[in-house]
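Enquirer: Attaching a single structure in structure tokens format; questions to follow.
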Amino acid sequence: MRDRKVVLDEFNEFSRIAELGGGQDKIDKQHEQGKLTARERIDVLLDKGTFVEIDKFVIHNCSNFGLDKKKISGDGIVSGYGKIDGRLVYVYAYDFTVLGGSLSRTNANKITKVQRLALKMGAPIIAINDSGGARIQEGVSALAGYGDIFYQNTISSGVIPQISVIMGPCAGGACYSPALTDFIFMVKEKSHMFVTGPDVVKTVTHEDIDKEGLGGAAVHASKSGVAHFVGDTEEDTLMMVRELLSFLPSNNFEECPFANTMDDPMREDESLNDLIPEDPSKPYDMIELIESIVDDGNFFEVHKHFAQNIIVGFAHMAGKTVGIVADQPAFQAGVLDIDSSDKAARFIRFCDCFNIPIVTLEDVPGFLPGCTQEHNGIIRHGAKIVYAYVEATVPKVTLITRKAYGGAYIVLASKNIGTDVNLAYPSAEIAVLGAEGAVNILYRKQTGEERAQTLAEYEKTFSNPYRAAELGYVDEIILPAQTRQKIIQSLDMAQTKNRQNPAKKHGNIPL
Ligand code: HXC
């Protein structure tokens, strides 16, 4: 018979050792670098005291290169489940104090265990990355582990929200797990992602670049579009993860959480009547319109620094989550290009996966012309937006505030590609081309007074929403002050929408 105290002491000691990960000196080093440990990160992320750890005592089974003397309880992953705002989530965090958070076969097994649980229970999963990549001593076993993680990422896509938070290095093939998830968060100057690091880059391409310049948060948030959010600090970043989840359902069968915002759905905003400049070539900030119409002015922007000619993000309207896609006339006149097409299409598809209605606010002069765009495939990329809107079976409401020209008009949730409600301001201009462009093509020889008259005639004919309204392509012309109530009424009307695409294995979106 074993003494109860001895048993308990032994358990407490084993737990204490496991919780120390790679040891106090490694924890101190992590802190010296301004980084939290895996456990501290999970504590900040989850509701206080809700974390339940799984596989705390698991150890790796490799003895190559002296690893048999480096067996640490829990190995390099802290994993389990807990709550965010009282809702179940799964979480795993790479523990950099254990062999640099490198991925062993054992760590991969721990990760895929929580991935499978999250999928089975229908709850979001959050991965906190801080790792030196595949555990070099384990060779192919570690690589195979990544394959298993990627497999689960892909199988779970569209079923549960998957979120990656990069809080340290994330290099090589390891980048592809975050890349397969729905949203990537990075921390300013603390996290890096690249397929090959600065040294390899130098050898292969002779480019001299440091890791921040190659794959820091600023680069991925603004240039590559790999990162959707950037936080100033780790705590800040983890709070943003919590906020994102407040808009999302736990899985593809669940409703989004209702936000009791108390903001009057019928609220009018007279200032919107003056938002759109009389001169169509003058910009205005679409964010002002968005913040005016959503509940409490709270707009959670996604991909804020990338392809700023289009805005995407989440908000509540009458307490319900909506996904907003909006042109930004204040950035490159809101023109559609390769990056903005990719950004919008991916966001639309996310919303559709998780039953989030889509509100499109349109002021678009067209697709960006030029060799760079054509040669890099604007045709292929622009097609993604059409595909995403058509495929989306969620309620879709579009408001044209000003310009809606040409192909860009059609692809941005026009009536003919399956939008449920199409609204327009009296200032809307719906035409194949803007007046200048059209007259240049049709009457290129005209000059002076004659040209001015033709321009005026074209503007009179097309620089308004009435032709489209006559033909039923616009359902209602609304006053800007009433935008909020009109969109909420439209969403309310469309909430019982029951549409399914034809049965198929899956479509073939132009990638
Ligand atoms: C085993 C590793 C490791 C790894 C780091 N360590 N990376 N152990 N496998 N991949 C160990 C170090 O030996 C060290 O152990 C401890 O972790 C901390 O590492 P440091 O180098 O001291 O830390 P730091 O100076 O902060 O540098 C961090 C780092 C660097 C930038 C991540 O360690 C590094 O470059 N590591 C290798 C990265 C890499 O090339 N990984 C393979 C990528 S390819 P001690 O005992 O000294 O504390 C890949 C393929 C995936 O992952 C394919 C998927 C399909």
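Ligands are numbered from 1 in the order shown, chains are lettered A, B, ... in the order of the structure tokens, and residues start at 1 in each chain.
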Report as CSV the residues of chain A within 10 Å of ligand 1, each with its shortest atom pair and distance in Å (one decimal), using only C-alpha atoms and all ligand atoms, ordered by chain and increasing residue number.

Expert:
residue,atom,partner,partner_atom_place_in_ligand_line,distance
A:Gly22,CA,ligand 1,48 (O),8.3
A:Asp25,CA,ligand 1,48 (O),9.7
A:Lys26,CA,ligand 1,48 (O),7.4
A:Lys29,CA,ligand 1,26 (O),9.1
A:Gln30,CA,ligand 1,26 (O),8.6
A:Gln33,CA,ligand 1,26 (O),8.7
A:Leu67,CA,ligand 1,1 (C),9.6
A:Lys70,CA,ligand 1,46 (O),8.8
A:Phe96,CA,ligand 1,17 (O),7.1
A:Thr97,CA,ligand 1,18 (C),7.2
A:Val98,CA,ligand 1,17 (O),6.8
A:Leu99,CA,ligand 1,17 (O),3.8
A:Gly100,CA,ligand 1,17 (O),3.1
A:Gly101,CA,ligand 1,17 (O),6.7
A:Ser102,CA,ligand 1,4 (C),4.8
A:Leu103,CA,ligand 1,10 (N),7.3
A:Ser104,CA,ligand 1,9 (N),8.3
A:Asp130,CA,ligand 1,32 (C),8.3
A:Ser131,CA,ligand 1,32 (C),6.0
A:Gly132,CA,ligand 1,32 (C),3.6
A:Gly133,CA,ligand 1,52 (O),3.5
A:Ala134,CA,ligand 1,52 (O),3.8
A:Arg135,CA,ligand 1,9 (N),3.5
A:Ile136,CA,ligand 1,9 (N),4.2
A:Gln137,CA,ligand 1,1 (C),6.3
A:Glu138,CA,ligand 1,9 (N),8.2
A:Gly139,CA,ligand 1,9 (N),9.3
A:Val140,CA,ligand 1,53 (C),9.3
A:Ala142,CA,ligand 1,51 (C),7.8
A:Leu143,CA,ligand 1,54 (C),5.2
A:Ala144,CA,ligand 1,55 (C),7.5
A:Gly145,CA,ligand 1,54 (C),8.1
A:Tyr146,CA,ligand 1,54 (C),5.2
A:Gly147,CA,ligand 1,55 (C),6.2
A:Asp148,CA,ligand 1,55 (C),9.7
A:Ile149,CA,ligand 1,55 (C),9.6
A:Phe150,CA,ligand 1,55 (C),8.5
A:Gly168,CA,ligand 1,32 (C),8.1
A:Pro169,CA,ligand 1,32 (C),5.6
A:Cys170,CA,ligand 1,32 (C),7.7
A:Ala171,CA,ligand 1,43 (C),5.6
A:Gly172,CA,ligand 1,44 (S),4.4
A:Gly173,CA,ligand 1,54 (C),3.6
A:Ala174,CA,ligand 1,51 (C),4.9
A:Cys175,CA,ligand 1,54 (C),7.9
A:Tyr176,CA,ligand 1,55 (C),7.5
A:Ser177,CA,ligand 1,54 (C),8.8
A:His192,CA,ligand 1,31 (C),9.3
A:Phe194,CA,ligand 1,43 (C),9.7
A:Val195,CA,ligand 1,44 (S),8.1
A:Thr196,CA,ligand 1,43 (C),8.0
A:Gly197,CA,ligand 1,40 (O),7.9
A:Asp199,CA,ligand 1,35 (O),9.8
A:Val200,CA,ligand 1,40 (O),9.9
A:Lys211,CA,ligand 1,31 (C),9.3

Enquirer: Filtering to C-alpha atoms, could you give me those residues as a JSON list (two decimals), in the first residue's frame?

Expert:
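Result went into out07.json, see below:
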[["chain", "number", "residue", "atom", "x", "y", "z"],
["A", 22, "GLY", "CA", 12.77, 23.19, -20.68],
["A", 25, "ASP", "CA", 16.93, 29.11, -17.32],
["A", 26, "LYS", "CA", 15.14, 28.64, -20.63],
["A", 29, "LYS", "CA", 15.73, 33.48, -21.59],
["A", 30, "GLN", "CA", 12.27, 33.56, -23.13],
["A", 33, "GLN", "CA", 13.53, 38.29, -25.18],
["A", 67, "LEU", "CA", 17.93, 12.98, -27.26],
["A", 70, "LYS", "CA", 16.59, 15.19, -23.08],
["A", 96, "PHE", "CA", 10.19, 27.19, -27.20],
["A", 97, "THR", "CA", 11.92, 26.30, -23.94],
["A", 98, "VAL", "CA", 11.91, 22.63, -24.99],
["A", 99, "LEU", "CA", 14.44, 22.15, -27.78],
["A", 100, "GLY", "CA", 13.35, 25.40, -29.40],
["A", 101, "GLY", "CA", 9.74, 24.27, -29.70],
["A", 102, "SER", "CA", 10.89, 21.92, -32.45],
["A", 103, "LEU", "CA", 8.29, 19.52, -33.79],
["A", 104, "SER", "CA", 8.87, 15.91, -32.77],
["A", 130, "ASP", "CA", 7.01, 29.63, -31.60],
["A", 131, "SER", "CA", 9.22, 26.92, -33.03],
["A", 132, "GLY", "CA", 12.52, 26.10, -34.71],
["A", 133, "GLY", "CA", 10.66, 23.77, -37.10],
["A", 134, "ALA", "CA", 11.09, 20.04, -37.59],
["A", 135, "ARG", "CA", 13.14, 18.43, -34.80],
["A", 136, "ILE", "CA", 16.32, 17.84, -36.72],
["A", 137, "GLN", "CA", 17.39, 14.77, -34.69],
["A", 138, "GLU", "CA", 14.16, 12.93, -35.61],
["A", 139, "GLY", "CA", 14.48, 13.28, -39.37],
["A", 140, "VAL", "CA", 11.57, 12.00, -41.40],
["A", 142, "ALA", "CA", 9.20, 14.93, -37.60],
["A", 143, "LEU", "CA", 8.42, 15.73, -41.23],
["A", 144, "ALA", "CA", 5.67, 13.11, -41.22],
["A", 145, "GLY", "CA", 4.24, 14.84, -38.15],
["A", 146, "TYR", "CA", 3.81, 18.03, -40.15],
["A", 147, "GLY", "CA", 2.01, 16.05, -42.83],
["A", 148, "ASP", "CA", -0.47, 14.80, -40.23],
["A", 149, "ILE", "CA", -1.07, 18.33, -38.96],
["A", 150, "PHE", "CA", -1.62, 19.68, -42.50],
["A", 168, "GLY", "CA", 8.31, 33.59, -32.58],
["A", 169, "PRO", "CA", 10.02, 31.84, -35.47],
["A", 170, "CYS", "CA", 7.93, 29.86, -37.96],
["A", 171, "ALA", "CA", 10.13, 28.62, -40.75],
["A", 172, "GLY", "CA", 10.20, 26.18, -43.62],
["A", 173, "GLY", "CA", 7.33, 23.84, -44.24],
["A", 174, "ALA", "CA", 6.08, 24.71, -40.75],
["A", 175, "CYS", "CA", 4.56, 27.83, -42.30],
["A", 176, "TYR", "CA", 2.04, 25.70, -44.15],
["A", 177, "SER", "CA", -0.03, 24.79, -41.12],
["A", 192, "HIS", "CA", 8.80, 35.75, -38.35],
["A", 194, "PHE", "CA", 9.52, 32.35, -44.12],
["A", 195, "VAL", "CA", 9.88, 29.24, -46.22],
["A", 196, "THR", "CA", 13.66, 29.76, -46.39],
["A", 197, "GLY", "CA", 15.58, 32.01, -44.00],
["A", 199, "ASP", "CA", 21.06, 32.71, -45.02],
["A", 200, "VAL", "CA", 19.56, 30.47, -47.69],
["A", 211, "LYS", "CA", 14.54, 38.11, -40.92]]

Enquirer: Hey, what's within 9 Å of Phe183 of chain A if we count only C-alpha atoms and toss same-chain stuff fewer than 2 positions away? As a count of residues only, please?

Expert: 15

Enquirer: Near segment 290-301 of chain A, within 10 Å and counting only C-alpha atoms, which residues show up once chain neighbours fewer than 4 positions away are dropped, as a PyMOL selection string?

Expert: chain A and resi 228-229+240+243-244+247+259-265+267-269+271-272+285-286+305+311-326+361+481-488

Enquirer: DSSP on the backbone: what in segment 200-351 of chain A comes out alpha helix (DSSP H), as a PyMOL selection string?

Expert: chain A and resi 200-205+211-215+217-219+234-245+286-293+338-351

Enquirer: Identify, on the basis of only C-alpha atoms, every residue whose closest approach to segment 34-39 of chain A does not exceed 10 Å; exclude the query and any residue fewer than 4 positions from it along the same chain; express the result as a PyMOL selection string.

Expert: chain A and resi 19-21+26-30+43-45+51+53+76-79+92-97+101+128-130+167-168+190+233-235

Enquirer: Mind writing the picked residues with N, CA, C and O atoms as a compact mmCIF listing (two decimals), in the first residue's frame?

Expert:
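See again.txt below for the written result:
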# COMPACT_ATOMS: atom_id res chain seq x y z
N GLU A 19 5.51 21.45 -15.87
CA GLU A 19 5.15 22.85 -16.12
C GLU A 19 6.38 23.75 -16.31
O GLU A 19 6.27 24.84 -16.84
N LEU A 20 7.53 23.23 -15.87
CA LEU A 20 8.76 24.02 -16.09
C LEU A 20 9.29 23.86 -17.51
O LEU A 20 10.21 24.58 -17.92
N GLY A 21 8.73 22.94 -18.26
CA GLY A 21 9.16 22.75 -19.65
C GLY A 21 10.65 22.51 -19.73
O GLY A 21 11.20 21.62 -19.10
N LYS A 26 15.73 28.42 -19.29
CA LYS A 26 15.14 28.64 -20.63
C LYS A 26 13.93 29.58 -20.54
O LYS A 26 13.69 30.40 -21.43
N ILE A 27 13.18 29.44 -19.44
CA ILE A 27 12.03 30.35 -19.23
C ILE A 27 12.53 31.79 -19.09
O ILE A 27 12.01 32.73 -19.69
N ASP A 28 13.63 31.93 -18.31
CA ASP A 28 14.19 33.27 -18.12
C ASP A 28 14.64 33.86 -19.46
O ASP A 28 14.44 35.03 -19.74
N LYS A 29 15.25 33.01 -20.28
CA LYS A 29 15.73 33.48 -21.59
C LYS A 29 14.55 33.96 -22.45
O LYS A 29 14.62 34.99 -23.12
N GLN A 30 13.48 33.19 -22.36
CA GLN A 30 12.27 33.56 -23.13
C GLN A 30 11.77 34.94 -22.67
O GLN A 30 11.47 35.80 -23.48
N ASP A 43 -2.73 31.12 -20.74
CA ASP A 43 -3.43 31.78 -19.62
C ASP A 43 -4.02 33.13 -20.03
O ASP A 43 -5.13 33.48 -19.64
N VAL A 44 -3.24 33.89 -20.80
CA VAL A 44 -3.73 35.20 -21.25
C VAL A 44 -4.91 35.02 -22.21
O VAL A 44 -5.90 35.74 -22.16
N LEU A 45 -4.81 34.00 -23.07
CA LEU A 45 -5.82 33.81 -24.12
C LEU A 45 -7.18 33.37 -23.58
O LEU A 45 -8.22 33.88 -23.99
N PHE A 51 -8.39 26.51 -18.40
CA PHE A 51 -7.55 25.62 -19.22
C PHE A 51 -7.47 24.21 -18.63
O PHE A 51 -7.17 24.04 -17.45
N GLU A 53 -5.42 20.82 -19.39
CA GLU A 53 -4.30 20.34 -20.21
C GLU A 53 -4.45 18.86 -20.53
O GLU A 53 -4.87 18.06 -19.70
N GLY A 76 7.48 19.34 -26.40
CA GLY A 76 7.52 20.77 -26.75
C GLY A 76 6.18 21.39 -27.08
O GLY A 76 6.11 22.41 -27.79
N ILE A 77 5.10 20.78 -26.59
CA ILE A 77 3.76 21.33 -26.88
C ILE A 77 2.95 21.36 -25.58
O ILE A 77 2.97 20.40 -24.81
N VAL A 78 2.24 22.46 -25.37
CA VAL A 78 1.24 22.52 -24.29
C VAL A 78 -0.11 22.55 -24.99
O VAL A 78 -0.36 23.44 -25.82
N SER A 79 -0.96 21.58 -24.70
CA SER A 79 -2.21 21.48 -25.47
C SER A 79 -3.39 21.14 -24.58
O SER A 79 -3.21 20.57 -23.49
N TYR A 92 -3.35 24.78 -28.76
CA TYR A 92 -2.03 24.19 -28.51
C TYR A 92 -0.97 25.25 -28.76
O TYR A 92 -1.13 26.12 -29.61
N ALA A 93 0.08 25.20 -27.92
CA ALA A 93 1.13 26.21 -28.01
C ALA A 93 2.49 25.51 -28.03
O ALA A 93 2.76 24.64 -27.21
N TYR A 94 3.30 25.88 -29.00
CA TYR A 94 4.67 25.37 -29.06
C TYR A 94 5.45 25.95 -27.88
O TYR A 94 5.40 27.16 -27.63
N ASP A 95 6.18 25.10 -27.18
CA ASP A 95 6.97 25.55 -26.02
C ASP A 95 8.43 25.71 -26.46
O ASP A 95 9.17 24.74 -26.56
N PHE A 96 8.84 26.95 -26.68
CA PHE A 96 10.19 27.19 -27.20
C PHE A 96 11.27 26.78 -26.22
O PHE A 96 12.41 26.53 -26.60
N THR A 97 10.90 26.66 -24.93
CA THR A 97 11.92 26.30 -23.94
C THR A 97 12.35 24.84 -24.08
O THR A 97 13.36 24.42 -23.53
N GLY A 101 11.11 24.50 -29.21
CA GLY A 101 9.74 24.27 -29.70
C GLY A 101 9.72 23.42 -30.97
O GLY A 101 8.73 23.42 -31.72
N ILE A 128 -0.69 28.35 -31.23
CA ILE A 128 0.26 29.41 -30.92
C ILE A 128 1.66 28.92 -31.29
O ILE A 128 2.17 27.96 -30.71
N ASN A 129 2.24 29.53 -32.30
CA ASN A 129 3.49 29.04 -32.89
C ASN A 129 4.71 29.79 -32.36
O ASN A 129 4.71 31.02 -32.32
N ASP A 130 5.73 29.05 -32.02
CA ASP A 130 7.01 29.63 -31.60
C ASP A 130 7.99 28.46 -31.66
O ASP A 130 8.22 27.79 -30.66
N MET A 167 4.17 33.72 -32.70
CA MET A 167 4.76 34.53 -31.63
C MET A 167 6.27 34.38 -31.54
O MET A 167 6.89 34.80 -30.56
N GLY A 168 6.86 33.76 -32.55
CA GLY A 168 8.31 33.59 -32.58
C GLY A 168 8.66 33.16 -33.99
O GLY A 168 7.99 33.53 -34.95
N LYS A 190 8.33 40.56 -33.27
CA LYS A 190 8.62 39.38 -32.44
C LYS A 190 8.42 38.07 -33.21
O LYS A 190 8.85 37.02 -32.76
N THR A 233 1.87 43.84 -28.95
CA THR A 233 2.50 42.97 -27.94
C THR A 233 1.80 41.61 -28.00
O THR A 233 0.76 41.47 -28.65
N GLU A 234 2.36 40.64 -27.28
CA GLU A 234 1.73 39.32 -27.26
C GLU A 234 0.34 39.39 -26.63
O GLU A 234 -0.62 38.79 -27.13
N GLU A 235 0.24 40.16 -25.53
CA GLU A 235 -1.06 40.26 -24.83
C GLU A 235 -2.11 40.89 -25.75
O GLU A 235 -3.24 40.40 -25.86

Enquirer: Taking the DSSP secondary structure from the backbone, can you list the residues of segment 277-467 of chain A that are strand (DSSP E), as a PyMOL selection string?

Expert: chain A and resi 299-302+310-317+320-327+358-364+396-405+421-424+429-431

Enquirer: Using only C-alpha atoms, I'd like a table of the residues in segment 433-508 of chain A that come within 10 Å of segment 405-425 of chain A; for each, show the closest atom pair and its distance in Å rounded to one decimal, ordered by chain and ascending number, as JSON lines.

Expert:
{"residue": "A:Leu433", "atom": "CA", "partner": "A:Tyr405", "partner_atom": "CA", "distance": 5.5}
{"residue": "A:Gly434", "atom": "CA", "partner": "A:Tyr405", "partner_atom": "CA", "distance": 6.8}
{"residue": "A:Asn464", "atom": "CA", "partner": "A:Tyr425", "partner_atom": "CA", "distance": 8.7}
{"residue": "A:Pro465", "atom": "CA", "partner": "A:Ala424", "partner_atom": "CA", "distance": 6.6}
{"residue": "A:Tyr466", "atom": "CA", "partner": "A:Ala424", "partner_atom": "CA", "distance": 9.4}
{"residue": "A:Ala468", "atom": "CA", "partner": "A:Ala424", "partner_atom": "CA", "distance": 9.5}
{"residue": "A:Ala469", "atom": "CA", "partner": "A:Ala424", "partner_atom": "CA", "distance": 8.8}
{"residue": "A:Gly472", "atom": "CA", "partner": "A:Lys415", "partner_atom": "CA", "distance": 8.6}
{"residue": "A:Tyr473", "atom": "CA", "partner": "A:Lys415", "partner_atom": "CA", "distance": 5.6}
{"residue": "A:Val474", "atom": "CA", "partner": "A:Asn422", "partner_atom": "CA", "distance": 5.0}
{"residue": "A:Asp475", "atom": "CA", "partner": "A:Asn422", "partner_atom": "CA", "distance": 5.4}
{"residue": "A:Glu476", "atom": "CA", "partner": "A:Leu423", "partner_atom": "CA", "distance": 5.1}
{"residue": "A:Ile477", "atom": "CA", "partner": "A:Ala424", "partner_atom": "CA", "distance": 4.9}
{"residue": "A:Ile478", "atom": "CA", "partner": "A:Tyr425", "partner_atom": "CA", "distance": 5.3}
{"residue": "A:Leu479", "atom": "CA", "partner": "A:Tyr425", "partner_atom": "CA", "distance": 6.1}
{"residue": "A:Pro480", "atom": "CA", "partner": "A:Tyr425", "partner_atom": "CA", "distance": 6.4}
{"residue": "A:Thr483", "atom": "CA", "partner": "A:Tyr425", "partner_atom": "CA", "distance": 9.0}
{"residue": "A:Lys486", "atom": "CA", "partner": "A:Leu423", "partner_atom": "CA", "distance": 8.5}
{"residue": "A:Ile487", "atom": "CA", "partner": "A:Leu423", "partner_atom": "CA", "distance": 8.5}
{"residue": "A:Ser490", "atom": "CA", "partner": "A:Val421", "partner_atom": "CA", "distance": 6.4}
{"residue": "A:Leu491", "atom": "CA", "partner": "A:Val421", "partner_atom": "CA", "distance": 8.5}
{"residue": "A:Met493", "atom": "CA", "partner": "A:Val421", "partner_atom": "CA", "distance": 9.3}
{"residue": "A:Ala494", "atom": "CA", "partner": "A:Asp420", "partner_atom": "CA", "distance": 7.2}
{"residue": "A:Lys497", "atom": "CA", "partner": "A:Asp420", "partner_atom": "CA", "distance": 9.1}

Enquirer: Could you please take those selected residues and save C-alpha atoms as a short mmCIF file (atom, residue, chain, number, x, y, z; two decimals), in the first residue's frame?

Expert:
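Dumped to selection-v6.cif:
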data_model
loop_
_atom_site.label_atom_id
_atom_site.label_comp_id
_atom_site.auth_asym_id
_atom_site.auth_seq_id
_atom_site.Cartn_x
_atom_site.Cartn_y
_atom_site.Cartn_z
CA LEU A 433 -17.27 53.05 -68.28
CA GLY A 434 -16.93 56.44 -66.60
CA ASN A 464 -27.34 57.79 -61.79
CA PRO A 465 -28.96 54.59 -60.53
CA TYR A 466 -32.30 55.02 -62.31
CA ALA A 468 -30.51 50.04 -63.35
CA ALA A 469 -33.58 50.56 -61.13
CA GLY A 472 -34.75 45.79 -61.70
CA TYR A 473 -31.00 45.38 -61.25
CA VAL A 474 -31.30 47.76 -58.30
CA ASP A 475 -34.22 46.95 -55.98
CA GLU A 476 -34.38 50.20 -54.08
CA ILE A 477 -32.80 53.63 -54.16
CA ILE A 478 -32.24 54.80 -50.61
CA LEU A 479 -31.22 57.95 -48.78
CA PRO A 480 -27.75 57.68 -47.19
CA THR A 483 -28.46 53.06 -44.75
CA LYS A 486 -32.33 49.56 -44.96
CA ILE A 487 -29.48 47.04 -44.75
CA SER A 490 -32.74 43.48 -46.07
CA LEU A 491 -30.74 41.09 -43.87
CA MET A 493 -35.84 39.60 -44.89
CA ALA A 494 -33.10 37.27 -46.21
CA LYS A 497 -32.83 32.05 -47.19
#

Enquirer: Would you mind reading off the distance between atom CA of Gly213 of chain A and atom CA of Asp339 of chain A, one decimal, in Å?

Expert: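 Taking atom CA of Gly213 of chain A and atom CA of Asp339 of chain A, their separation equals 20.0 Å.
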
Enquirer: Might you pull out every residue within 12 Å of segment 501-503 of chain A, with only C-alpha atoms counted and same-chain residues fewer than 4 positions away left off, and present them as a ChimeraX atom specification?

Expert: /A:390-394,418,507

Enquirer: For each of A:Met186, A:Pro198, A:Thr203, A:Ile42, take the minimum atom-to-atom distance to Ser222 of chain A, counting only C-alpha atoms, then give the residue where this is smallest.

Expert: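 Going through A:Met186, A:Pro198, A:Thr203, A:Ile42 one by one, the smallest distance to Ser222 of chain A is for A:Met186.
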